file coords-v4.tsv (TSV, C-alpha atoms and all ligand atoms)
chain	number	residue	atom	x	y	z
A	1200	MET	CA	0.00	0.00	0.00
A	1201	LYS	CA	1.35	3.38	-0.91
A	1202	PRO	CA	1.62	5.86	1.94
A	1203	LYS	CA	-0.74	8.06	0.04
A	1204	ASP	CA	-3.56	5.47	0.20
A	1205	LYS	CA	-2.98	4.81	3.89
A	1206	LYS	CA	-3.88	8.32	4.61
A	1207	ILE	CA	-7.22	7.95	2.95
A	1208	LEU	CA	-8.08	4.84	4.98
A	1209	LYS	CA	-7.61	6.57	8.29
A	1210	PRO	CA	-10.85	6.52	10.27
A	1211	HIS	CA	-12.68	9.78	9.90
A	1212	ARG	CA	-13.09	11.75	13.07
A	1213	PRO	CA	-15.74	14.41	13.16
A	1214	ALA	CA	-14.21	17.82	13.24
A	1215	ARG	CA	-14.47	19.54	16.56
A	1216	LEU	CA	-14.99	23.21	16.70
A	1217	LYS	CA	-12.40	24.77	18.91
A	1218	ASN	CA	-14.27	27.91	19.74
A	1219	THR	CA	-11.44	29.72	21.44
A	1220	ARG	CA	-9.62	29.86	18.16
A	1221	LEU	CA	-12.40	31.37	16.11
A	1222	LEU	CA	-10.93	34.70	15.39
A	1223	ASP	CA	-13.54	36.71	13.71
A	1224	LEU	CA	-17.14	37.28	13.22
A	1225	GLU	CA	-17.22	36.52	9.54
A	1226	VAL	CA	-16.78	32.89	10.41
A	1227	LEU	CA	-19.99	33.05	12.36
A	1228	ASP	CA	-21.81	34.87	9.61
A	1229	GLU	CA	-21.05	32.09	7.22
A	1230	LEU	CA	-22.93	29.55	9.30
A	1231	PRO	CA	-26.15	28.35	7.71
A	1232	ASP	CA	-29.08	30.58	8.54
A	1233	ASN	CA	-31.25	28.01	10.21
A	1234	ILE	CA	-28.75	27.03	12.84
A	1235	LYS	CA	-28.54	28.92	16.05
A	1236	PHE	CA	-25.08	29.57	17.29
A	1237	LYS	CA	-25.38	27.50	20.41
A	1238	ALA	CA	-26.10	24.22	18.70
A	1239	LYS	CA	-23.57	24.72	16.00
A	1240	ARG	CA	-20.58	26.04	17.82
A	1241	THR	CA	-20.20	24.06	20.98
A	1242	PRO	CA	-22.31	20.95	20.83
A	1243	GLU	CA	-20.24	19.15	23.41
A	1244	LYS	CA	-20.46	21.95	25.93
A	1245	VAL	CA	-24.17	22.45	26.26
A	1246	ALA	CA	-25.05	20.22	29.16
A	1247	GLU	CA	-28.73	19.69	29.72
A	1248	THR	CA	-28.42	20.43	33.42
A	1249	TYR	CA	-27.05	23.84	32.68
A	1250	LYS	CA	-30.01	24.72	30.49
A	1251	LYS	CA	-32.74	23.52	32.79
A	1252	ASP	CA	-33.48	26.65	34.74
A	1253	MET	CA	-33.34	29.06	31.87
A	1254	GLN	CA	-36.26	31.11	30.74
A	1255	LEU	CA	-35.46	32.43	27.31
A	1256	ILE	CA	-37.27	35.35	25.77
A	1257	SER	CA	-36.38	37.06	22.52
A	1258	GLY	CA	-35.01	40.55	22.52
A	1259	ARG	CA	-33.08	43.11	20.59
A	1260	ILE	CA	-29.78	44.83	21.38
A	1261	LEU	CA	-30.32	48.57	21.66
A	1262	GLU	CA	-26.91	49.57	22.91
A	1263	ILE	CA	-23.58	48.05	23.77
A	1264	LYS	CA	-21.96	49.35	26.89
A	1265	SER	CA	-18.55	48.42	28.14
A	1266	ASN	CA	-17.70	45.23	30.03
A	1267	TYR	CA	-20.15	42.94	28.32
A	1268	GLN	CA	-23.08	45.10	29.28
A	1269	TYR	CA	-25.93	45.37	26.86
A	1270	THR	CA	-29.16	47.29	26.83
A	1271	ILE	CA	-31.85	45.02	25.51
A	1272	GLU	CA	-35.42	45.60	24.50
A	1273	ALA	CA	-37.66	42.62	25.19
A	1274	ASP	CA	-41.34	42.29	26.04
A	1275	ASN	CA	-41.67	46.07	25.75
A	1276	LYS	CA	-39.22	46.55	28.57
A	1277	THR	CA	-35.54	47.33	28.65
A	1278	PHE	CA	-33.03	45.15	30.42
A	1279	THR	CA	-29.38	45.49	31.17
A	1280	ALA	CA	-27.91	42.13	30.32
A	1281	THR	CA	-24.59	40.42	30.19
A	1282	LEU	CA	-23.21	37.81	27.82
A	1283	SER	CA	-23.13	34.11	28.56
A	1284	GLY	CA	-19.66	32.77	29.30
A	1285	ARG	CA	-19.71	30.73	26.14
A	1286	LEU	CA	-20.39	33.78	23.97
A	1287	LYS	CA	-17.83	35.82	25.88
A	1288	GLN	CA	-15.16	33.52	24.58
A	1289	PHE	CA	-15.95	34.65	21.08
A	1290	ALA	CA	-16.36	38.23	22.08
A	1291	PHE	CA	-12.91	38.20	23.61
A	1292	HIS	CA	-11.34	37.54	20.25
A	1293	SER	CA	-13.63	39.31	17.86
A	1294	LYS	CA	-14.47	42.30	20.06
A	1295	SER	CA	-17.86	42.56	18.51
A	1296	ILE	CA	-19.69	39.30	18.48
A	1297	VAL	CA	-22.83	41.20	19.29
A	1298	ALA	CA	-23.89	44.22	17.31
A	1299	VAL	CA	-26.53	46.83	18.01
A	1300	GLY	CA	-29.67	45.59	16.29
A	1301	ASP	CA	-28.97	41.92	16.84
A	1302	TYR	CA	-31.89	39.74	17.79
A	1303	VAL	CA	-30.98	37.64	20.79
A	1304	GLU	CA	-32.40	35.15	23.23
A	1305	LEU	CA	-32.23	36.37	26.76
A	1306	ASP	CA	-32.31	34.28	29.89
A	1307	ILE	CA	-34.33	36.43	32.26
A	1308	VAL	CA	-33.98	34.09	35.22
A	1309	ALA	CA	-30.28	34.81	35.39
A	1310	GLU	CA	-29.15	37.69	37.55
A	1311	PRO	CA	-28.35	39.87	35.67
A	1312	PRO	CA	-30.23	38.62	32.58
A	1313	ARG	CA	-27.93	36.86	30.18
A	1314	ILE	CA	-27.72	36.72	26.42
A	1315	GLU	CA	-27.65	33.05	25.50
A	1316	ASN	CA	-28.13	33.09	21.73
A	1317	ILE	CA	-27.59	35.52	18.92
A	1318	LEU	CA	-29.92	34.96	16.02
A	1319	PRO	CA	-28.79	35.04	12.40
A	1320	ARG	CA	-28.52	38.49	10.86
A	1321	LYS	CA	-30.49	39.74	7.91
A	1322	ASN	CA	-27.77	42.25	7.06
A	1323	THR	CA	-25.06	44.33	8.63
A	1324	LEU	CA	-24.25	47.97	8.25
A	1325	THR	CA	-20.48	48.07	7.86
A	1326	ARG	CA	-18.03	50.88	7.30
A	1327	TYR	CA	-14.33	51.31	6.94
A	1328	LEU	CA	-13.65	53.89	9.56
A	1329	GLY	CA	-10.69	56.18	9.70
A	1330	SER	CA	-8.97	54.43	12.54
A	1331	ASN	CA	-9.45	50.96	11.16
A	1332	PHE	CA	-9.29	50.78	7.39
A	1333	GLN	CA	-8.03	47.22	7.34
A	1334	ARG	CA	-11.28	45.67	8.38
A	1335	PRO	CA	-14.83	46.86	8.13
A	1336	THR	CA	-16.44	47.87	11.39
A	1337	ILE	CA	-19.93	46.58	11.98
A	1338	LEU	CA	-22.05	49.55	12.96
A	1339	ALA	CA	-25.30	47.64	13.39
A	1340	ALA	CA	-27.29	44.64	12.25
A	1341	ASN	CA	-30.79	44.09	10.89
A	1342	ILE	CA	-31.47	47.66	9.80
A	1343	ASP	CA	-34.28	48.01	7.24
A	1344	GLN	CA	-33.39	51.21	5.48
A	1345	VAL	CA	-30.95	54.04	5.07
A	1346	ILE	CA	-32.38	57.53	4.69
A	1347	VAL	CA	-29.89	59.25	2.43
A	1348	THR	CA	-30.28	62.87	3.42
A	1349	SER	CA	-29.10	65.77	1.33
A	1350	SER	CA	-30.11	69.40	1.26
A	1351	TRP	CA	-31.03	71.53	-1.72
A	1352	ARG	CA	-28.86	74.39	-0.47
A	1353	LYS	CA	-26.66	75.04	2.58
A	1354	PRO	CA	-24.88	72.80	1.88
A	1355	MET	CA	-25.53	72.69	-1.86
A	1356	ILE	CA	-26.96	69.47	-3.24
A	1357	LYS	CA	-24.26	67.10	-4.49
A	1358	PRO	CA	-25.70	64.27	-6.56
A	1359	GLY	CA	-22.24	62.65	-6.71
A	1360	LEU	CA	-22.40	62.27	-2.96
A	1361	ILE	CA	-25.92	60.85	-3.16
A	1362	ASP	CA	-24.55	58.25	-5.58
A	1363	ARG	CA	-21.91	57.26	-3.07
A	1364	TYR	CA	-24.34	56.92	-0.19
A	1365	LEU	CA	-26.65	54.85	-2.38
A	1366	CYS	CA	-23.78	52.55	-3.38
A	1367	LEU	CA	-22.86	52.08	0.27
A	1368	ALA	CA	-26.44	51.13	1.16
A	1369	ALA	CA	-26.62	48.71	-1.75
A	1370	LEU	CA	-23.33	47.11	-0.73
A	1371	ASP	CA	-24.75	46.66	2.75
A	1372	ASN	CA	-27.84	45.11	1.25
A	1373	ILE	CA	-30.06	47.75	2.79
A	1374	ASP	CA	-32.90	49.64	1.09
A	1375	ALA	CA	-32.37	53.34	0.59
A	1376	ILE	CA	-34.74	56.27	0.57
A	1377	ILE	CA	-33.59	59.68	-0.62
A	1378	ILE	CA	-34.52	62.90	1.12
A	1379	ILE	CA	-33.89	66.31	-0.34
A	1380	ASN	CA	-34.19	68.59	2.67
A	1381	LYS	CA	-34.33	72.39	2.98
A	1382	VAL	CA	-36.68	72.68	0.01
A	1383	ASP	CA	-37.91	75.88	1.67
A	1384	LEU	CA	-34.72	77.37	0.22
A	1385	CYS	CA	-35.75	76.37	-3.28
A	1386	GLU	CA	-37.31	78.91	-5.62
A	1387	ASP	CA	-37.19	76.81	-8.76
A	1388	ARG	CA	-39.00	73.54	-8.24
A	1389	GLU	CA	-38.54	72.57	-11.85
A	1390	LYS	CA	-34.80	72.74	-11.49
A	1391	LEU	CA	-35.02	70.69	-8.31
A	1392	GLU	CA	-37.13	68.08	-10.06
A	1393	GLU	CA	-34.75	68.00	-13.01
A	1394	THR	CA	-31.71	67.55	-10.75
A	1395	VAL	CA	-33.01	64.49	-8.96
A	1396	SER	CA	-35.61	62.94	-11.28
A	1397	TYR	CA	-33.14	60.26	-12.35
A	1398	TYR	CA	-33.32	58.64	-8.92
A	1399	LYS	CA	-37.10	58.51	-9.07
A	1400	ASN	CA	-37.01	57.15	-12.62
A	1401	VAL	CA	-34.79	54.26	-11.61
A	1402	GLY	CA	-37.07	53.35	-8.73
A	1403	TYR	CA	-35.93	55.12	-5.58
A	1404	THR	CA	-38.42	56.62	-3.19
A	1405	LEU	CA	-37.54	60.29	-3.01
A	1406	LEU	CA	-39.02	62.90	-0.70
A	1407	TYR	CA	-38.75	66.66	-0.62
A	1408	THR	CA	-38.69	67.81	2.97
A	1409	SER	CA	-38.24	70.87	5.09
A	1410	ALA	CA	-37.59	70.62	8.78
A	1411	LEU	CA	-38.50	74.29	8.85
A	1412	THR	CA	-41.95	74.26	7.23
A	1413	GLY	CA	-42.78	70.61	7.84
A	1414	GLU	CA	-43.13	69.77	4.17
A	1415	GLY	CA	-42.81	66.05	3.49
A	1416	ILE	CA	-42.67	65.12	7.16
A	1417	ASP	CA	-46.02	63.28	7.15
A	1418	GLU	CA	-44.91	61.16	4.21
A	1419	LEU	CA	-41.68	60.46	6.04
A	1420	TYR	CA	-43.60	59.19	9.09
A	1421	GLU	CA	-45.30	56.64	6.88
A	1422	LEU	CA	-41.97	55.43	5.51
A	1423	LEU	CA	-40.33	55.15	8.92
A	1424	LYS	CA	-43.21	53.60	10.82
A	1425	ASN	CA	-42.50	50.09	12.12
A	1426	ARG	CA	-39.18	49.90	10.38
A	1427	ASP	CA	-35.60	50.39	11.53
A	1428	SER	CA	-33.91	53.29	9.83
A	1429	VAL	CA	-30.66	55.15	9.89
A	1430	PHE	CA	-30.10	58.64	8.51
A	1431	SER	CA	-26.94	59.09	6.50
A	1432	GLY	CA	-25.68	62.16	4.72
A	1433	GLN	CA	-23.31	65.01	4.87
A	1434	SER	CA	-23.02	67.23	7.91
A	1435	GLY	CA	-25.46	70.11	8.00
A	1436	THR	CA	-28.07	68.65	5.66
A	1437	GLY	CA	-30.57	68.60	8.52
A	1438	LYS	CA	-30.71	65.02	9.74
A	1439	SER	CA	-31.02	65.96	13.40
A	1440	SER	CA	-33.51	68.73	12.59
A	1441	ILE	CA	-35.73	66.29	10.70
A	1442	ILE	CA	-35.52	63.73	13.49
A	1443	ASN	CA	-36.45	66.40	16.05
A	1444	ARG	CA	-39.44	67.34	13.93
A	1445	LEU	CA	-40.51	63.69	13.85
A	1446	GLU	CA	-39.85	63.05	17.52
A	1447	PRO	CA	-39.52	66.31	19.44
A	1448	SER	CA	-38.79	64.54	22.72
A	1449	LEU	CA	-35.41	63.44	21.38
A	1450	ASN	CA	-34.31	67.05	21.23
A	1451	LEU	CA	-31.10	66.31	19.33
A	1452	PRO	CA	-28.57	69.11	19.10
A	1453	THR	CA	-28.48	70.89	15.76
A	1454	ALA	CA	-26.17	73.59	14.54
A	1455	GLU	CA	-25.35	75.97	11.78
A	1456	VAL	CA	-23.04	74.45	9.22
A	1457	SER	CA	-20.32	76.98	9.95
A	1458	ASP	CA	-20.32	76.04	13.64
A	1459	TYR	CA	-19.51	72.49	12.68
A	1460	ASN	CA	-16.51	73.41	10.68
A	1461	GLU	CA	-15.08	75.26	13.62
A	1462	LYS	CA	-15.42	72.72	16.35
A	1463	GLY	CA	-17.44	69.73	15.26
A	1464	LYS	CA	-19.61	70.30	18.31
A	1465	HIS	CA	-22.05	67.46	18.51
A	1466	THR	CA	-20.44	64.19	17.71
A	1467	THR	CA	-22.39	61.08	18.46
A	1468	THR	CA	-19.91	58.74	20.04
A	1469	SER	CA	-21.88	55.59	20.70
A	1470	THR	CA	-24.17	53.56	18.53
A	1471	ILE	CA	-27.71	53.28	19.80
A	1472	LEU	CA	-31.04	52.04	18.56
A	1473	ILE	CA	-33.80	54.39	19.69
A	1474	PRO	CA	-37.43	53.21	19.60
A	1475	TRP	CA	-39.72	55.66	17.73
A	1476	SER	CA	-42.96	56.44	19.56
A	1477	PHE	CA	-44.78	55.52	16.32
A	1478	GLY	CA	-43.13	52.11	15.95
A	1479	GLY	CA	-39.79	50.97	14.62
A	1480	HIS	CA	-36.39	52.31	15.56
A	1481	LEU	CA	-33.93	54.99	14.71
A	1482	LEU	CA	-30.29	53.99	14.60
A	1483	ASP	CA	-27.92	56.68	15.73
A	1484	THR	CA	-24.30	55.92	14.93
A	1485	PRO	CA	-21.24	58.06	14.41
A	1486	GLY	CA	-19.87	55.98	11.54
A	1487	ILE	CA	-22.72	56.53	9.16
A	1488	LYS	CA	-21.60	59.86	7.73
A	1489	THR	CA	-18.52	58.35	6.14
A	1490	VAL	CA	-18.54	57.98	2.37
A	1491	ASN	CA	-15.39	55.88	2.13
A	1492	LEU	CA	-15.88	52.98	-0.18
A	1493	ALA	CA	-13.44	50.14	0.31
A	1494	LYS	CA	-11.14	49.37	-2.61
A	1495	ASP	CA	-12.36	45.80	-2.73
A	1496	THR	CA	-15.86	46.98	-3.57
A	1497	LYS	CA	-14.66	48.24	-6.93
A	1498	SER	CA	-15.82	45.13	-8.75
A	1499	GLN	CA	-19.32	45.57	-7.35
A	1500	ILE	CA	-19.82	49.21	-8.24
A	1501	PRO	CA	-20.82	48.42	-11.87
A	1502	ARG	CA	-23.83	46.58	-10.47
A	1503	VAL	CA	-24.75	48.64	-7.42
A	1504	PHE	CA	-24.43	52.14	-8.86
A	1505	PRO	CA	-27.88	53.81	-8.81
A	1506	GLY	CA	-29.92	52.58	-11.75
A	1507	PHE	CA	-27.37	50.09	-13.04
A	1508	ALA	CA	-28.69	46.96	-11.32
A	1509	THR	CA	-31.17	46.15	-14.08
A	1510	LEU	CA	-28.81	47.13	-16.90
A	1511	ALA	CA	-25.63	45.31	-15.86
A	1512	PRO	CA	-27.07	41.82	-16.46
A	1513	LEU	CA	-27.86	42.88	-20.03
A	1514	CYS	CA	-24.23	43.71	-20.84
A	1515	TYR	CA	-22.41	41.21	-23.02
A	1516	PHE	CA	-19.60	40.75	-20.52
A	1517	ASN	CA	-20.40	39.49	-17.07
A	1518	ASP	CA	-17.80	41.74	-15.51
A	1519	CYS	CA	-18.55	44.72	-17.73
A	1520	THR	CA	-17.26	47.97	-16.23
A	1521	HIS	CA	-19.44	50.01	-18.61
A	1522	THR	CA	-16.48	52.00	-19.81
A	1523	HIS	CA	-14.95	50.58	-22.99
A	1524	GLU	CA	-16.75	47.29	-23.52
A	1525	GLU	CA	-18.72	46.28	-26.59
A	1526	HIS	CA	-22.44	45.65	-26.26
A	1527	CYS	CA	-22.74	47.46	-22.97
A	1528	ALA	CA	-26.29	48.17	-21.80
A	1529	VAL	CA	-25.18	51.11	-19.69
A	1530	LEU	CA	-23.32	52.79	-22.53
A	1531	SER	CA	-26.35	52.24	-24.79
A	1532	ALA	CA	-28.65	53.77	-22.19
A	1533	LEU	CA	-26.26	56.70	-21.95
A	1534	GLU	CA	-26.37	57.17	-25.71
A	1535	GLU	CA	-30.14	57.03	-25.72
A	1536	GLY	CA	-30.23	59.67	-23.03
A	1537	LYS	CA	-31.79	57.36	-20.46
A	1538	ILE	CA	-28.83	57.93	-18.18
A	1539	PRO	CA	-27.93	61.60	-17.76
A	1540	THR	CA	-24.31	62.39	-18.64
A	1541	ASN	CA	-23.70	63.73	-15.15
A	1542	ARG	CA	-24.69	60.46	-13.51
A	1543	TYR	CA	-22.45	58.53	-15.85
A	1544	LEU	CA	-19.52	60.85	-15.16
A	1545	SER	CA	-20.16	60.44	-11.46
A	1546	TYR	CA	-20.01	56.67	-11.96
A	1547	VAL	CA	-16.70	56.87	-13.78
A	1548	SER	CA	-15.17	59.15	-11.19
A	1549	LEU	CA	-16.37	56.88	-8.39
A	1550	LEU	CA	-14.91	53.85	-10.12
A	1551	ASN	CA	-11.61	55.59	-10.73
A	1552	SER	CA	-11.38	56.68	-7.13
A	1553	LEU	CA	-11.17	53.07	-5.98
A	1601	LIG	N1	-33.76	76.41	5.90
A	1601	LIG	C1	-33.68	75.19	6.47
A	1601	LIG	N2	-32.71	74.96	7.39
A	1601	LIG	C2	-32.64	73.75	7.94
A	1601	LIG	C3	-33.56	72.71	7.59
A	1601	LIG	N3	-33.21	71.59	8.28
A	1601	LIG	C4	-32.15	71.93	9.02
A	1601	LIG	N4	-31.80	73.21	8.84
A	1601	LIG	C5	-30.66	73.91	9.48
A	1601	LIG	O1	-29.45	73.32	9.02
A	1601	LIG	C6	-28.48	73.31	10.06
A	1601	LIG	C7	-27.91	71.93	10.24
A	1601	LIG	O2	-28.93	71.06	10.67
A	1601	LIG	P1	-28.63	69.75	11.52
A	1601	LIG	O3	-29.95	69.11	11.77
A	1601	LIG	O4	-27.78	70.05	12.68
A	1601	LIG	O5	-27.79	68.90	10.45
A	1601	LIG	P2	-27.24	67.41	10.58
A	1601	LIG	O6	-27.48	66.76	9.28
A	1601	LIG	O7	-27.81	66.76	11.77
A	1601	LIG	O8	-25.68	67.65	10.75
A	1601	LIG	P3	-24.62	66.66	11.44
A	1601	LIG	O9	-25.17	66.27	12.78
A	1601	LIG	O10	-23.37	67.44	11.51
A	1601	LIG	O11	-24.47	65.51	10.51
A	1601	LIG	C8	-29.19	73.87	11.29
A	1601	LIG	O12	-28.83	75.22	11.44
A	1601	LIG	C9	-30.65	73.73	10.99
A	1601	LIG	O13	-31.42	74.69	11.61
A	1601	LIG	C10	-34.57	73.00	6.62
A	1601	LIG	O14	-35.40	72.17	6.23
A	1601	LIG	N5	-34.57	74.26	6.10
A	1602	MG	MG	-26.90	65.92	13.48
A	1603	ZN	ZN	-21.76	47.39	-19.39
call {"tool": "encode", "arguments": {"input": "coords-v4.tsv", "output": "structure tokens"}}
result
Amino acid sequence: MKPKDKKILKPHRPARLKNTRLLDLEVLDELPDNIKFKAKRTPEKVAETYKKDMQLISGRILEIKSNYQYTIEADNKTFTATLSGRLKQFAFHSKSIVAVGDYVELDIVAEPPRIENILPRKNTLTRYLGSNFQRPTILAANIDQVIVTSSWRKPMIKPGLIDRYLCLAALDNIDAIIIINKVDLCEDREKLEETVSYYKNVGYTLLYTSALTGEGIDELYELLKNRDSVFSGQSGTGKSSIINRLEPSLNLPTAEVSDYNEKGKHTTTSTILIPWSFGGHLLDTPGIKTVNLAKDTKSQIPRVFPGFATLAPLCYFNDCTHTHEEHCAVLSALEEGKIPTNRYLSYVSLLNSL
């Protein structure tokens, strides 16, 4: 028998998961959806006796405090909970096994209540933040929609920036709604319409709002109700002002744009999920204003750029970059005037920046 064959004949031992060596969260995210972490990760450790006295209820992480302390919403109450020892092992290595927005199972008999299971995520909101550009930081999980907020003036509307925010949302697999705020400063509605009609034409929900006059706020309520949303967008576009208009009790600090440039007064430092009084949640997180797209997303931009998702599959080449290729559906649409030149130029400049 050749040594090679011997190897094959060796009895097969089931692989054991050595949980202390699992270094990062991605490994967990790759687990099949229908398996809860407990059963999958440490089958040999879950002794029946240990589980007997538990009373598990499902909850949601609203905020992560230090030292394995979590604020959890469950049964319409809030709890301060800790993490089970088993999950702490993972947390030790990955730092962030639990994210704001995670659905969890909470043992409320334990003192303090203890997170026993983390349920599979629908999506994660991730950003490459200044301090850590090597790995994406998970800002939150299970968020339904990003409200891409821009202002007509002060600061001046920048469709190129809207494109970037929309790409980021698409890369995160999160729906996006566009808000053009400060329309009270607009004297030429036709021009406004013309500037942003492309987004409506390709299927985005777009609202004109004014935190000053209240225009569009009722429509916004309907879109936010019973969903989890996060406002993204440049500083000074009026995110906090809109949120205050929707939920005055929050009383978020707002400021003139110029004040920000001087000192950067209000900076949200922690990530928190705030329940709306009308149902659903608002995610407040400092990372969301960033427009940095990671270099490794470059290959996805041709598909996620606003309006390109339906065209890209029609291109002759699978990996068409819509720049020089033959039989390109995007270039044809550009020629036919279905894509405005400005949007296409914004696409090219975005692609080249990566
Ligand atoms: N004219 C007008 N001004 C507005 C409107 N919404 C907000 N503002 C003003 O714009 C400035 C900035 O508003 P904020 O709500 O602080 O902006 P923000 O988007 O929260 O800014 P950051 O927190 O830095 O990201 C404030 O002076 C607001 O009073 C609006 O609809 N119309
Ligand atoms: Mg603000
Ligand atoms: Zn193409």
call {"tool": "residues_near_ligand", "arguments": {"input": "coords-v4.tsv", "ligand": "ligand LIG 1601 (chain A)", "cutoff": "6 Å", "atoms": "all atoms listed in the file", "output": "PyMOL selection string"}}
result
chain A and resi 1380-1381+1383-1384+1409-1411+1433-1440+1453-1456
call {"tool": "closest_atom_pairs", "arguments": {"input": "coords-v4.tsv", "of": "region 1331-1412 of chain A", "to": "region 1307-1322 of chain A", "cutoff": "12 Å", "atoms": "all atoms listed in the file", "output": "tab-separated table"}}
result
residue	atom	partner	partner_atom	distance
A:Ile1337	CA	A:Asn1322	CA	10.2
A:Leu1338	CA	A:Asn1322	CA	11.0
A:Ala1339	CA	A:Asn1322	CA	8.7
A:Ala1340	CA	A:Asn1322	CA	5.7
A:Asn1341	CA	A:Asn1322	CA	5.2
A:Ile1342	CA	A:Asn1322	CA	7.1
A:Asp1343	CA	A:Asn1322	CA	8.7
A:Gln1344	CA	A:Asn1322	CA	10.7
A:Ala1368	CA	A:Asn1322	CA	10.7
A:Ala1369	CA	A:Asn1322	CA	11.0
A:Leu1370	CA	A:Asn1322	CA	10.2
A:Asp1371	CA	A:Asn1322	CA	6.9
A:Asn1372	CA	A:Asn1322	CA	6.5
A:Ile1373	CA	A:Asn1322	CA	7.3
A:Asp1374	CA	A:Asn1322	CA	10.8
call {"tool": "closest_atom_pairs", "arguments": {"input": "coords-v4.tsv", "of": "chain A", "to": "ligand ZN 1603 (chain A)", "cutoff": "10 Å", "atoms": "all atoms listed in the file", "output": "tab-separated table"}}
result
residue	atom	partner	partner_atom	distance
A:Pro1501	CA	A:ZN1603	ZN	7.6
A:Arg1502	CA	A:ZN1603	ZN	9.2
A:Phe1507	CA	A:ZN1603	ZN	8.9
A:Leu1510	CA	A:ZN1603	ZN	7.5
A:Ala1511	CA	A:ZN1603	ZN	5.6
A:Pro1512	CA	A:ZN1603	ZN	8.2
A:Leu1513	CA	A:ZN1603	ZN	7.6
A:Cys1514	CA	A:ZN1603	ZN	4.7
A:Tyr1515	CA	A:ZN1603	ZN	7.2
A:Phe1516	CA	A:ZN1603	ZN	7.1
A:Asn1517	CA	A:ZN1603	ZN	8.3
A:Asp1518	CA	A:ZN1603	ZN	7.9
A:Cys1519	CA	A:ZN1603	ZN	4.5
A:Thr1520	CA	A:ZN1603	ZN	5.5
A:His1521	CA	A:ZN1603	ZN	3.6
A:Thr1522	CA	A:ZN1603	ZN	7.0
A:His1523	CA	A:ZN1603	ZN	8.3
A:Glu1524	CA	A:ZN1603	ZN	6.5
A:Glu1525	CA	A:ZN1603	ZN	7.9
A:His1526	CA	A:ZN1603	ZN	7.1
A:Cys1527	CA	A:ZN1603	ZN	3.7
A:Ala1528	CA	A:ZN1603	ZN	5.2
A:Val1529	CA	A:ZN1603	ZN	5.1
A:Leu1530	CA	A:ZN1603	ZN	6.4
A:Ser1531	CA	A:ZN1603	ZN	8.6
A:Ala1532	CA	A:ZN1603	ZN	9.8
call {"tool": "residues_around", "arguments": {"input": "coords-v4.tsv", "residues": "Asn1491 (chain A)", "least_positions_apart": "4", "cutoff": "12 Å", "atoms": "all atoms listed in the file", "output": "PyMOL selection string"}}
result
chain A and resi 1325-1329+1331-1332+1335+1360+1363-1364+1366-1367+1486-1487+1495-1497+1549+1552-1553
call {"tool": "write_last_selection", "arguments": {"input": "coords-v4.tsv", "atoms": "C-alpha atoms", "output": "compact mmCIF listing (two decimals), in the frame of the given file"}}
result
# COMPACT_ATOMS: atom_id res chain seq x y z
CA THR A 1325 -20.48 48.07 7.86
CA ARG A 1326 -18.03 50.88 7.30
CA TYR A 1327 -14.33 51.31 6.94
CA LEU A 1328 -13.65 53.89 9.56
CA GLY A 1329 -10.69 56.18 9.70
CA ASN A 1331 -9.45 50.96 11.16
CA PHE A 1332 -9.29 50.78 7.39
CA PRO A 1335 -14.83 46.86 8.13
CA LEU A 1360 -22.40 62.27 -2.96
CA ARG A 1363 -21.91 57.26 -3.07
CA TYR A 1364 -24.34 56.92 -0.19
CA CYS A 1366 -23.78 52.55 -3.38
CA LEU A 1367 -22.86 52.08 0.27
CA GLY A 1486 -19.87 55.98 11.54
CA ILE A 1487 -22.72 56.53 9.16
CA ASP A 1495 -12.36 45.80 -2.73
CA THR A 1496 -15.86 46.98 -3.57
CA LYS A 1497 -14.66 48.24 -6.93
CA LEU A 1549 -16.37 56.88 -8.39
CA SER A 1552 -11.38 56.68 -7.13
CA LEU A 1553 -11.17 53.07 -5.98
call {"tool": "residues_near_point", "arguments": {"input": "coords-v4.tsv", "point": "(-22.8, 58.8, 16.6)", "cutoff": "12 Å", "atoms": "all atoms listed in the file", "output": "ChimeraX atom specification"}}
result
/A:1262,1338-1339,1429-1431,1439,1451,1465-1472,1481-1489
call {"tool": "write_last_selection", "arguments": {"input": "coords-v4.tsv", "atoms": "C-alpha atoms", "output": "mmCIF file, keeping the file's coordinate frame"}}
result
data_model
loop_
_atom_site.group_PDB
_atom_site.id
_atom_site.type_symbol
_atom_site.label_atom_id
_atom_site.label_comp_id
_atom_site.auth_asym_id
_atom_site.auth_seq_id
_atom_site.Cartn_x
_atom_site.Cartn_y
_atom_site.Cartn_z
ATOM 1 C CA GLU A 1262 -26.910 49.570 22.910
ATOM 2 C CA LEU A 1338 -22.050 49.550 12.960
ATOM 3 C CA ALA A 1339 -25.300 47.640 13.390
ATOM 4 C CA VAL A 1429 -30.660 55.150 9.890
ATOM 5 C CA PHE A 1430 -30.100 58.640 8.510
ATOM 6 C CA SER A 1431 -26.940 59.090 6.500
ATOM 7 C CA SER A 1439 -31.020 65.960 13.400
ATOM 8 C CA LEU A 1451 -31.100 66.310 19.330
ATOM 9 C CA HIS A 1465 -22.050 67.460 18.510
ATOM 10 C CA THR A 1466 -20.440 64.190 17.710
ATOM 11 C CA THR A 1467 -22.390 61.080 18.460
ATOM 12 C CA THR A 1468 -19.910 58.740 20.040
ATOM 13 C CA SER A 1469 -21.880 55.590 20.700
ATOM 14 C CA THR A 1470 -24.170 53.560 18.530
ATOM 15 C CA ILE A 1471 -27.710 53.280 19.800
ATOM 16 C CA LEU A 1472 -31.040 52.040 18.560
ATOM 17 C CA LEU A 1481 -33.930 54.990 14.710
ATOM 18 C CA LEU A 1482 -30.290 53.990 14.600
ATOM 19 C CA ASP A 1483 -27.920 56.680 15.730
ATOM 20 C CA THR A 1484 -24.300 55.920 14.930
ATOM 21 C CA PRO A 1485 -21.240 58.060 14.410
ATOM 22 C CA GLY A 1486 -19.870 55.980 11.540
ATOM 23 C CA ILE A 1487 -22.720 56.530 9.160
ATOM 24 C CA LYS A 1488 -21.600 59.860 7.730
ATOM 25 C CA THR A 1489 -18.520 58.350 6.140
#
